[in-house]
Amino acid sequence: MNFRSFIGNPETVRQLQESVASNRLAHAILLTGPRGAGKYTLAIALAQTLNCTNPQTYDGLPDACDACHNCTLIASSLDLETRVAEAVQAREDLRDVDRKETRILVQTHPDVLVLPPDPPQNLVKVGQVRSLIQNIQRRPGEGSRKIYIFPRSIFMNEAANALLKVLEEPPEYAHLLLLTENPSDLLPTIRSRAGKMQLQPIPEDRMESLLAERRREWDADRRALVARLTEGAIGRALSFSPEDYMASRKDALMMLRGAAVEPDHSALFRMTESYRAGAEGQQKTQDLLRALYTLLEDVMLLQAGQGMMARNIDILPELRRIAEKVSFEWIEHTARHIGEVESGLRRNLLRSLSLDALAGQMQQR
């Protein structure tokens, strides 16, 4: 991955290239944008460009070759989900006493360190920031710059305070990239010490054109649906599984229909039973809750007479029937309880019981 192959947001890409070319790249960069907009991909492209041993130009500005030893090692971090899973498994294989002291880090190149949220709380922890502090004292070994990437900048308080000390006096060879959907998740003192760049959603018509090129197996209706659902986030769109989403949406619709139109408790409980076990069940539950959120937003838009903004454009008639049966207060009540289920999942509460409780609360209209 390099700048020339990055899709969308040419202004932000050029701003980064110009900063590299003029040697005025900020030591801390707050890169914001919606989930799947390409923040992490762009951070990796920047890390490659800064450490490439065979530097190229793109529109007259610096770019990585994406083929040298450094570029190849750094690009190995692109599949972040797999790298994190490997790190988590490696920690699980340790003795109990060592496991408690081990934090999740991803490092495929000596000078590029990725610090993802540490499961199960999915927060950046002070141990991770302390690892950064130790690492940042050493000058680059194989490249010219050291890069530290936070894919989701959600910190525990102690970790945020520790990071603040690094941001006050970073070494001249180090750059910290803080990626976030919501800048307000960060302390104001951290935000004030970072240069700010933003990725914008790709327009819907442009997204459909890109999907026509990259996902030729999808028909026009499916491309239109995915473009709506992913809201201009190219990474989400290209990795989107319509089949998985349809399965989650089917169950989410059952819950909404059971609460608003035609109650069927036996079918509902049979459905929640399938969310009981293992990591697969956890992902399935998360997908269900996201689908529920999406459907509730569309119902609210329909009630407000803004159906043209709804995302689930292929089932609008059914969503209209639900919109006629529920109030805004009920939608607000249901969304709050979905948030409580999400919070419970982070505390390892039983999934099927949480979903049963949510279904029961949705009945209380």
# chains A, B, ... in the order shown; residues from 1 in each chain; ligands from 1

$ residues_around --residues "Met255 (chain A)" --least-positions-apart "3" --cutoff "9 Å" --atoms "only C-alpha atoms" --output "PDB file with N, CA and C atoms, in the first residue's frame"
ATOM      1  N   LYS A 250     -31.881 -10.056   9.128  1.00  0.00           N
ATOM      2  CA  LYS A 250     -33.072 -10.894   9.244  1.00  0.00           C
ATOM      3  C   LYS A 250     -33.460 -11.073  10.705  1.00  0.00           C
ATOM      4  N   ASP A 251     -32.456 -11.357  11.572  1.00  0.00           N
ATOM      5  CA  ASP A 251     -32.739 -11.523  12.999  1.00  0.00           C
ATOM      6  C   ASP A 251     -33.130 -10.200  13.639  1.00  0.00           C
ATOM      7  N   ALA A 252     -32.475  -9.111  13.228  1.00  0.00           N
ATOM      8  CA  ALA A 252     -32.817  -7.800  13.774  1.00  0.00           C
ATOM      9  C   ALA A 252     -34.257  -7.420  13.416  1.00  0.00           C
ATOM     10  N   GLY A 258     -41.298  -8.398  16.064  1.00  0.00           N
ATOM     11  CA  GLY A 258     -41.911  -8.998  17.241  1.00  0.00           C
ATOM     12  C   GLY A 258     -42.321  -7.969  18.269  1.00  0.00           C
ATOM     13  N   ALA A 259     -41.629  -6.855  18.319  1.00  0.00           N
ATOM     14  CA  ALA A 259     -41.969  -5.805  19.275  1.00  0.00           C
ATOM     15  C   ALA A 259     -43.055  -4.878  18.766  1.00  0.00           C
ATOM     16  N   ALA A 260     -43.122  -4.681  17.442  1.00  0.00           N
ATOM     17  CA  ALA A 260     -43.995  -3.632  16.914  1.00  0.00           C
ATOM     18  C   ALA A 260     -45.179  -4.128  16.107  1.00  0.00           C
ATOM     19  N   PRO A 263     -45.988 -10.166  17.397  1.00  0.00           N
ATOM     20  CA  PRO A 263     -45.175 -10.874  18.393  1.00  0.00           C
ATOM     21  C   PRO A 263     -45.142 -12.384  18.153  1.00  0.00           C
ATOM     22  N   LEU A 268     -38.518 -15.965  18.492  1.00  0.00           N
ATOM     23  CA  LEU A 268     -37.506 -15.045  18.987  1.00  0.00           C
ATOM     24  C   LEU A 268     -36.505 -15.767  19.879  1.00  0.00           C
ATOM     25  N   LEU A 292     -29.403  -3.802  14.148  1.00  0.00           N
ATOM     26  CA  LEU A 292     -30.525  -3.197  14.870  1.00  0.00           C
ATOM     27  C   LEU A 292     -30.415  -1.678  14.890  1.00  0.00           C
ATOM     28  N   ALA A 359     -34.975  -8.250  24.029  1.00  0.00           N
ATOM     29  CA  ALA A 359     -36.244  -8.514  23.344  1.00  0.00           C
ATOM     30  C   ALA A 359     -37.421  -8.220  24.268  1.00  0.00           C
ATOM     31  N   MET A 362     -37.897  -4.506  24.594  1.00  0.00           N
ATOM     32  CA  MET A 362     -38.471  -3.929  23.370  1.00  0.00           C
ATOM     33  C   MET A 362     -39.976  -4.114  23.327  1.00  0.00           C
TER      34      MET A 362
END

$ select_by_dssp --residues "region 37-114 of chain A" --states "helix (DSSP H, G or I)" --output "ChimeraX atom specification"
/A:39-51,69-75,80-92,96-99

$ write_last_selection --atoms "C-alpha atoms" --output "mmCIF file, in the first residue's frame"
data_model
loop_
_atom_site.group_PDB
_atom_site.id
_atom_site.type_symbol
_atom_site.label_atom_id
_atom_site.label_comp_id
_atom_site.auth_asym_id
_atom_site.auth_seq_id
_atom_site.Cartn_x
_atom_site.Cartn_y
_atom_site.Cartn_z
ATOM 1 C CA LYS A 39 -7.273 5.851 8.339
ATOM 2 C CA TYR A 40 -5.125 2.850 9.206
ATOM 3 C CA THR A 41 -4.280 2.141 5.556
ATOM 4 C CA LEU A 42 -3.168 5.756 5.114
ATOM 5 C CA ALA A 43 -1.066 5.563 8.293
ATOM 6 C CA ILE A 44 0.719 2.493 6.933
ATOM 7 C CA ALA A 45 1.322 4.251 3.598
ATOM 8 C CA LEU A 46 2.880 7.177 5.484
ATOM 9 C CA ALA A 47 5.079 4.821 7.537
ATOM 10 C CA GLN A 48 6.260 3.165 4.322
ATOM 11 C CA THR A 49 6.996 6.481 2.628
ATOM 12 C CA LEU A 50 9.047 7.735 5.566
ATOM 13 C CA ASN A 51 11.139 4.534 5.700
ATOM 14 C CA HIS A 69 12.480 -4.691 2.405
ATOM 15 C CA ASN A 70 11.178 -1.929 4.672
ATOM 16 C CA CYS A 71 7.953 -1.404 2.704
ATOM 17 C CA THR A 72 7.231 -5.138 2.681
ATOM 18 C CA LEU A 73 7.749 -5.523 6.429
ATOM 19 C CA ILE A 74 5.620 -2.490 7.252
ATOM 20 C CA ALA A 75 2.850 -3.671 4.901
ATOM 21 C CA LEU A 80 -4.360 -5.777 11.608
ATOM 22 C CA GLU A 81 -7.138 -8.120 12.705
ATOM 23 C CA THR A 82 -4.958 -11.163 12.032
ATOM 24 C CA ARG A 83 -1.881 -9.616 13.685
ATOM 25 C CA VAL A 84 -3.874 -8.737 16.812
ATOM 26 C CA ALA A 85 -5.387 -12.227 16.954
ATOM 27 C CA GLU A 86 -1.867 -13.694 16.789
ATOM 28 C CA ALA A 87 -0.692 -11.414 19.601
ATOM 29 C CA VAL A 88 -3.692 -12.312 21.758
ATOM 30 C CA GLN A 89 -3.096 -16.035 21.201
ATOM 31 C CA ALA A 90 0.592 -15.649 22.025
ATOM 32 C CA ARG A 91 -0.376 -13.964 25.283
ATOM 33 C CA GLU A 92 -2.858 -16.734 26.106
ATOM 34 C CA ASP A 96 -0.501 -16.737 34.231
ATOM 35 C CA VAL A 97 2.070 -14.499 35.899
ATOM 36 C CA ASP A 98 3.503 -13.403 32.529
ATOM 37 C CA ARG A 99 0.125 -13.091 30.833
#

$ atom_distance --atom1 "CA of Gln128 (chain A)" --atom2 "CA of Leu177 (chain A)"
14.7 Å

$ select_by_dssp --residues "region 108-297 of chain A" --states "strand (DSSP E or B)" --output "PyMOL selection string"
chain A and resi 108-109+112-114+118+123-124+146-150+155+174-180+195-198

$ write_last_selection --atoms "C-alpha atoms" --output "PDB file, in the first residue's frame"
ATOM      1  CA  THR A 108       6.388  -6.273  11.861  1.00  0.00           C
ATOM      2  CA  HIS A 109       9.172  -3.688  11.326  1.00  0.00           C
ATOM      3  CA  VAL A 112       6.972   0.851  13.260  1.00  0.00           C
ATOM      4  CA  LEU A 113       4.939  -0.032  16.339  1.00  0.00           C
ATOM      5  CA  VAL A 114       1.143  -0.475  16.258  1.00  0.00           C
ATOM      6  CA  ASP A 118      -6.057  -4.211  24.381  1.00  0.00           C
ATOM      7  CA  LEU A 123      -8.846   0.245  25.556  1.00  0.00           C
ATOM      8  CA  VAL A 124      -5.252   1.385  25.109  1.00  0.00           C
ATOM      9  CA  LYS A 146      10.050   5.741  14.047  1.00  0.00           C
ATOM     10  CA  ILE A 147       6.280   5.536  13.658  1.00  0.00           C
ATOM     11  CA  TYR A 148       3.737   4.739  16.387  1.00  0.00           C
ATOM     12  CA  ILE A 149       0.178   4.049  15.258  1.00  0.00           C
ATOM     13  CA  PHE A 150      -2.887   3.920  17.510  1.00  0.00           C
ATOM     14  CA  PHE A 155      -7.262   5.329  26.210  1.00  0.00           C
ATOM     15  CA  ALA A 174       9.455   9.982  15.933  1.00  0.00           C
ATOM     16  CA  HIS A 175       5.860  10.433  14.745  1.00  0.00           C
ATOM     17  CA  LEU A 176       2.716   9.364  16.609  1.00  0.00           C
ATOM     18  CA  LEU A 177      -0.425   8.739  14.552  1.00  0.00           C
ATOM     19  CA  LEU A 178      -3.661   8.843  16.553  1.00  0.00           C
ATOM     20  CA  LEU A 179      -6.587   7.416  14.564  1.00  0.00           C
ATOM     21  CA  THR A 180     -10.135   8.038  15.701  1.00  0.00           C
ATOM     22  CA  GLY A 195      -1.793  18.211  13.916  1.00  0.00           C
ATOM     23  CA  LYS A 196      -5.241  17.408  12.583  1.00  0.00           C
ATOM     24  CA  MET A 197      -6.185  15.715   9.315  1.00  0.00           C
ATOM     25  CA  GLN A 198      -9.552  14.339   8.272  1.00  0.00           C
TER      26      GLN A 198
END

$ residues_around --residues "Ser144 (chain A)" --least-positions-apart "3" --cutoff "9 Å" --atoms "only C-alpha atoms" --output "list in words"
Leu50, Asn51, Cys52, Asp111, Arg139, Pro140, Gly141 and Tyr173 of chain A

$ closest_residue --among "A:Val326, A:Ile154, A:Ala37, A:Met300" --to "Val261 (chain A)" --atoms "only C-alpha atoms"
A:Val326

$ residues_around --residues "Gly36 (chain A)" --least-positions-apart "2" --cutoff "12 Å" --atoms "only C-alpha atoms" --output "CSV table (one decimal) with N, CA and C atoms, in the first residue's frame"
chain,number,residue,atom,x,y,z
A,7,ILE,N,-7.4,5.0,-2.1
A,7,ILE,CA,-8.6,5.4,-2.8
A,7,ILE,C,-9.3,6.6,-2.0
A,8,GLY,N,-9.5,7.7,-2.7
A,8,GLY,CA,-10.3,8.8,-2.1
A,8,GLY,C,-9.4,9.8,-1.4
A,32,THR,N,-8.7,11.7,11.6
A,32,THR,CA,-10.1,11.4,12.0
A,32,THR,C,-10.8,11.0,10.7
A,33,GLY,N,-12.0,10.4,10.9
A,33,GLY,CA,-12.8,9.9,9.8
A,33,GLY,C,-13.7,8.8,10.2
A,34,PRO,N,-14.7,8.4,9.4
A,34,PRO,CA,-15.6,7.3,9.8
A,34,PRO,C,-14.9,6.0,9.7
A,38,GLY,N,-10.3,4.4,5.8
A,38,GLY,CA,-8.9,4.2,5.3
A,38,GLY,C,-7.9,4.8,6.2
A,39,LYS,N,-8.2,5.2,7.5
A,39,LYS,CA,-7.3,5.9,8.3
A,39,LYS,C,-6.0,5.0,8.6
A,40,TYR,N,-6.3,3.7,8.9
A,40,TYR,CA,-5.1,2.8,9.2
A,40,TYR,C,-4.3,2.6,7.9
A,41,THR,N,-5.0,2.4,6.8
A,41,THR,CA,-4.3,2.1,5.6
A,41,THR,C,-3.4,3.3,5.2
A,42,LEU,N,-3.9,4.5,5.4
A,42,LEU,CA,-3.2,5.8,5.1
A,42,LEU,C,-2.0,5.9,6.1
A,151,PRO,N,-4.5,2.6,16.2
A,151,PRO,CA,-5.6,2.4,15.3
A,151,PRO,C,-6.9,2.9,15.8
A,152,ARG,N,-7.1,2.8,17.1
A,152,ARG,CA,-8.3,3.3,17.7
A,152,ARG,C,-7.9,4.0,19.0
A,179,LEU,N,-5.5,7.6,15.5
A,179,LEU,CA,-6.6,7.4,14.6
A,179,LEU,C,-7.9,7.3,15.4
A,180,THR,N,-8.9,8.1,14.9
A,180,THR,CA,-10.1,8.0,15.7
A,180,THR,C,-11.3,8.4,14.8
A,181,GLU,N,-12.5,7.9,15.2
A,181,GLU,CA,-13.7,8.3,14.6
A,181,GLU,C,-14.3,9.5,15.3
A,199,LEU,N,-10.4,12.4,7.0
A,199,LEU,CA,-10.8,11.7,5.8
A,199,LEU,C,-12.3,11.9,5.7
A,200,GLN,N,-12.7,12.3,4.6
A,200,GLN,CA,-14.2,12.5,4.3
A,200,GLN,C,-14.7,11.2,3.6
A,201,PRO,N,-16.0,10.9,3.8
A,201,PRO,CA,-16.7,9.8,3.1
A,201,PRO,C,-16.6,10.0,1.6
A,202,ILE,N,-16.5,8.9,0.9
A,202,ILE,CA,-16.6,9.0,-0.6
A,202,ILE,C,-18.0,9.1,-1.0
A,229,LEU,N,-25.1,1.5,3.0
A,229,LEU,CA,-24.9,0.9,4.3
A,229,LEU,C,-23.5,1.4,4.8
A,230,THR,N,-22.5,1.5,4.0
A,230,THR,CA,-21.2,1.8,4.4
A,230,THR,C,-20.9,3.3,4.5
A,231,GLU,N,-21.8,4.1,4.0
A,231,GLU,CA,-21.7,5.5,4.2
A,231,GLU,C,-20.4,6.2,3.7
A,232,GLY,N,-19.9,5.8,2.6
A,232,GLY,CA,-18.7,6.4,2.0
A,232,GLY,C,-17.4,5.9,2.6
A,233,ALA,N,-17.4,4.8,3.4
A,233,ALA,CA,-16.2,4.3,3.9
A,233,ALA,C,-15.7,3.1,3.0
A,234,ILE,N,-14.7,3.4,2.2
A,234,ILE,CA,-14.3,2.5,1.2
A,234,ILE,C,-13.8,1.2,1.7
A,235,GLY,N,-13.1,1.2,2.9
A,235,GLY,CA,-12.6,0.0,3.5
A,235,GLY,C,-13.7,-0.9,3.9
A,236,ARG,N,-14.7,-0.4,4.5
A,236,ARG,CA,-15.9,-1.2,4.9
A,236,ARG,C,-16.6,-1.7,3.7
A,237,ALA,N,-16.7,-0.9,2.6
A,237,ALA,CA,-17.4,-1.4,1.4
A,237,ALA,C,-16.7,-2.5,0.8
A,238,LEU,N,-15.4,-2.5,0.6
A,238,LEU,CA,-14.7,-3.5,-0.1
A,238,LEU,C,-14.6,-4.8,0.7
A,239,SER,N,-14.7,-4.7,2.0
A,239,SER,CA,-14.7,-5.9,2.9
A,239,SER,C,-16.1,-6.3,3.3
A,240,PHE,N,-17.1,-5.6,2.8
A,240,PHE,CA,-18.5,-5.9,3.3
A,240,PHE,C,-19.0,-7.2,2.8

$ atom_distance --atom1 "CA of Val166 (chain A)" --atom2 "CA of Glu142 (chain A)"
22.3 Å

$ closest_residue --among "A:Arg223, A:Arg145, A:Arg193, A:His337" --to "Ser354 (chain A)" --atoms "only C-alpha atoms"
A:His337

$ residues_around --residues "Arg321 (chain A)" --least-positions-apart "3" --cutoff "10 Å" --atoms "only C-alpha atoms" --output "VMD selection string"
chain A and resid 257 260 to 261 299 302 316 to 318 324 to 326

$ atom_distance --atom1 "CA of Ser19 (chain A)" --atom2 "CA of Gly60 (chain A)"
13.1 Å

$ closest_residue --among "A:Asn182, A:Ser22, A:Thr102, A:Gln283" --to "Gly127 (chain A)" --atoms "only C-alpha atoms"
A:Thr102
